[in-house]
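Just below is one structure, and these are the notes that go with it.
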Amino acid sequence: MADPQSVRTVLADLRAESDALDDVVAGLEPEQWARPTPAEGWTVAHQIAHLAWTDAQALLAVKDAEAFAREVGDAAARLDAYVEDGAREGAMLAPPELLEKWRSGRARLWATLTGEPPGSRFPWYGPSMSTASMATGRLMETWAHGEDIADALGVERPPTHRLWHVARIAFRARDFAFAVHGRTPPGTEFRLELTAPDGTLWAFGPDDAEQRVTGPALDFCLLAVRRRHRDDVAVRAQGPDADAWLSIVQAFAGPPGKGRPPRGGAEGSTS
């Protein structure tokens, strides 16, 4: 089995995740591009436009760190509107043009990341990113926005082994999640144990940690990208800090956003 942490594996999985979403949207009719998604005010077109815009931002960060820093500095006071503007402008394109923009942009980013040394680091909206982390972040966003699109279209997307990357980036971003909510990160490590789509165990953190989180990998990942409310996932926390984390966990940089309201279903619990 390939090392899931290797740059080569992450890049291959990023390409596969992008191709899987491309398969969902490639044959859509114009009216389907205009269909509302669970993200308030965003259509299917907005979702793809956001991915295209964020790929362009990532490419800028990799190729010209100073230019990226200037752009982020200019937008710091209105970051939410800055992101919304990028999605809105892209969504105004005709679907074939938008689709081609997303395809060509992600191909350029993938080729650029493939040529970068594994130890390279790039600026981003939160902590700086390594080559593998940048690729993981793009995979995570592609999967998350793909979930919104699938929900809008009524498409079932079976979970895959690629969720390992989403779970890992959320686990590694634990302290960032606390900080972005104005909280002091816990002083001890957690254990995260998830049941993978194939029934195997994915484990992160020391096995003797007193505080831990357990549950299905899909549920945890949906929670970590804020596509599900905590009340709707079968994820459990043991310990007060781990319980607090489940209410604020996020796998992405930047502000947490509003999240999704509860819609009924499985219930998370604390023990």
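Convention: chains lettered A, B, ... in structure tokens order; per-chain residue numbering from 1; ligands numbered from 1 as shown.
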Mind checking DSSP for stretch 17-232 of chain A and telling me the helix (DSSP H, G or I) residues as a PyMOL selection string? chain A and resi 17-25+30-33+44-63+65-91+95-114+131-153+163-172+174-180+217-224+230-232
Residue subset to file, keeping C-alpha atoms, as a CSV table (one decimal), in the first residue's frame:
chain,number,residue,atom,x,y,z
A,17,GLU,CA,-10.9,13.6,-6.4
A,18,SER,CA,-11.0,16.3,-8.9
A,19,ASP,CA,-11.8,13.9,-11.7
A,20,ALA,CA,-14.6,12.3,-9.7
A,21,LEU,CA,-16.3,15.7,-9.2
A,22,ASP,CA,-15.7,16.5,-12.9
A,23,ASP,CA,-17.6,13.4,-13.8
A,24,VAL,CA,-20.6,14.7,-11.7
A,25,VAL,CA,-20.7,18.1,-13.4
A,30,PRO,CA,-27.6,24.8,-17.9
A,31,GLU,CA,-30.5,24.8,-15.5
A,32,GLN,CA,-28.7,22.3,-13.3
A,33,TRP,CA,-25.7,24.7,-13.0
A,44,VAL,CA,-23.7,24.6,-8.4
A,45,ALA,CA,-21.9,27.2,-10.6
A,46,HIS,CA,-20.8,29.1,-7.5
A,47,GLN,CA,-19.3,25.9,-6.0
A,48,ILE,CA,-17.2,25.2,-9.1
A,49,ALA,CA,-16.3,28.8,-9.5
A,50,HIS,CA,-15.0,28.9,-5.9
A,51,LEU,CA,-12.8,25.8,-6.6
A,52,ALA,CA,-11.4,27.5,-9.7
A,53,TRP,CA,-10.8,30.7,-7.8
A,54,THR,CA,-9.1,29.0,-4.9
A,55,ASP,CA,-6.9,26.9,-7.2
A,56,ALA,CA,-5.8,30.2,-8.7
A,57,GLN,CA,-5.0,31.6,-5.3
A,58,ALA,CA,-3.0,28.5,-4.4
A,59,LEU,CA,-1.1,28.7,-7.7
A,60,LEU,CA,-0.3,32.4,-6.8
A,61,ALA,CA,0.9,31.4,-3.3
A,62,VAL,CA,3.2,28.7,-4.8
A,63,LYS,CA,4.7,30.7,-7.6
A,65,ALA,CA,4.6,34.3,-2.3
A,66,GLU,CA,5.1,38.1,-2.1
A,67,ALA,CA,2.2,38.8,-4.6
A,68,PHE,CA,0.0,36.4,-2.6
A,69,ALA,CA,0.8,38.2,0.6
A,70,ARG,CA,0.0,41.6,-0.9
A,71,GLU,CA,-3.3,40.3,-2.1
A,72,VAL,CA,-4.3,38.7,1.2
A,73,GLY,CA,-3.2,41.9,3.0
A,74,ASP,CA,-5.4,44.0,0.8
A,75,ALA,CA,-8.4,41.7,1.5
A,76,ALA,CA,-7.8,41.0,5.1
A,77,ALA,CA,-10.5,43.4,6.4
A,78,ARG,CA,-13.1,41.8,4.1
A,79,LEU,CA,-12.0,38.2,3.7
A,80,ASP,CA,-15.5,36.7,3.5
A,81,ALA,CA,-16.6,39.2,0.9
A,82,TYR,CA,-13.4,38.6,-1.0
A,83,VAL,CA,-14.2,34.9,-1.2
A,84,GLU,CA,-17.8,35.6,-2.2
A,85,ASP,CA,-16.7,37.9,-4.9
A,86,GLY,CA,-14.5,35.3,-6.5
A,87,ALA,CA,-17.3,32.7,-6.5
A,88,ARG,CA,-19.9,35.2,-7.8
A,89,GLU,CA,-17.7,36.4,-10.7
A,90,GLY,CA,-16.9,32.9,-11.8
A,91,ALA,CA,-20.5,31.8,-11.6
A,95,PRO,CA,-21.1,26.7,-17.9
A,96,PRO,CA,-18.7,25.4,-20.6
A,97,GLU,CA,-16.4,28.4,-20.0
A,98,LEU,CA,-16.5,27.9,-16.2
A,99,LEU,CA,-15.9,24.2,-16.6
A,100,GLU,CA,-12.9,24.8,-18.8
A,101,LYS,CA,-11.5,27.4,-16.4
A,102,TRP,CA,-11.7,25.0,-13.5
A,103,ARG,CA,-10.1,22.2,-15.5
A,104,SER,CA,-7.2,24.2,-16.9
A,105,GLY,CA,-6.5,26.0,-13.5
A,106,ARG,CA,-6.4,22.8,-11.5
A,107,ALA,CA,-4.2,21.2,-14.1
A,108,ARG,CA,-1.7,24.1,-13.8
A,109,LEU,CA,-1.7,23.9,-10.1
A,110,TRP,CA,-1.3,20.1,-10.1
A,111,ALA,CA,1.7,20.4,-12.5
A,112,THR,CA,3.3,23.1,-10.4
A,113,LEU,CA,2.9,21.3,-7.1
A,114,THR,CA,4.3,18.1,-8.8
A,131,THR,CA,3.7,20.9,-0.8
A,132,ALA,CA,1.8,17.9,0.6
A,133,SER,CA,-0.4,20.1,2.8
A,134,MET,CA,-1.3,22.4,-0.1
A,135,ALA,CA,-2.3,19.4,-2.2
A,136,THR,CA,-4.2,18.0,0.8
A,137,GLY,CA,-6.0,21.3,1.3
A,138,ARG,CA,-7.1,21.3,-2.3
A,139,LEU,CA,-8.3,17.8,-2.1
A,140,MET,CA,-10.3,18.6,1.1
A,141,GLU,CA,-12.0,21.6,-0.5
A,142,THR,CA,-12.8,19.7,-3.7
A,143,TRP,CA,-14.4,16.9,-1.7
A,144,ALA,CA,-16.3,19.4,0.6
A,145,HIS,CA,-17.7,21.5,-2.3
A,146,GLY,CA,-18.4,18.3,-4.2
A,147,GLU,CA,-20.7,17.3,-1.3
A,148,ASP,CA,-22.7,20.5,-1.7
A,149,ILE,CA,-23.0,19.8,-5.4
A,150,ALA,CA,-24.0,16.2,-4.8
A,151,ASP,CA,-26.6,17.3,-2.3
A,152,ALA,CA,-28.1,19.8,-4.8
A,153,LEU,CA,-28.2,17.3,-7.6
A,163,LEU,CA,-11.1,10.8,3.1
A,164,TRP,CA,-8.0,9.8,5.1
A,165,HIS,CA,-6.4,13.1,3.9
A,166,VAL,CA,-9.4,15.1,5.1
A,167,ALA,CA,-9.4,13.5,8.5
A,168,ARG,CA,-5.7,14.0,8.9
A,169,ILE,CA,-5.7,17.7,8.0
A,170,ALA,CA,-8.6,18.3,10.4
A,171,PHE,CA,-6.7,16.4,13.2
A,172,ARG,CA,-3.5,18.5,12.5
A,174,ARG,CA,-6.9,21.1,16.0
A,175,ASP,CA,-5.0,24.0,17.6
A,176,PHE,CA,-5.8,26.3,14.7
A,177,ALA,CA,-9.6,25.5,15.2
A,178,PHE,CA,-9.3,26.5,18.9
A,179,ALA,CA,-7.3,29.6,18.1
A,180,VAL,CA,-9.7,30.9,15.4
A,217,ALA,CA,-14.6,8.6,9.0
A,218,LEU,CA,-17.3,10.0,6.7
A,219,ASP,CA,-19.2,11.5,9.6
A,220,PHE,CA,-16.1,13.1,11.1
A,221,CYS,CA,-15.0,14.5,7.7
A,222,LEU,CA,-18.5,15.9,7.1
A,223,LEU,CA,-18.3,17.6,10.5
A,224,ALA,CA,-14.8,18.9,9.9
A,230,ARG,CA,-22.7,17.8,15.2
A,231,ASP,CA,-26.2,16.6,16.0
A,232,ASP,CA,-26.4,14.7,12.7
Hey, what's within 8 Å of A:Ala203 if we count only C-alpha atoms and toss same-chain stuff fewer than 4 positions away? As a PyMOL selection string, please? chain A and resi 191-194
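Proximity ranking of A:Gly119, A:Gln211, A:Pro159, A:Thr184 relative to A:Ala196 places A:Pro159 first, based on only C-alpha atoms.
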So which one's closest to A:Pro118, A:Leu11, A:Ala94, A:Val213, A:Ala173? Using only C-alpha atoms, please.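 For A:Pro118, the nearest of the candidates is A:Leu11.
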Those of stretch 86-260 of chain A in DSSP strand (DSSP E or B), formatted as a ChimeraX atom specification: /A:121-122,129-130,191-195,201-204,212-216,236-238
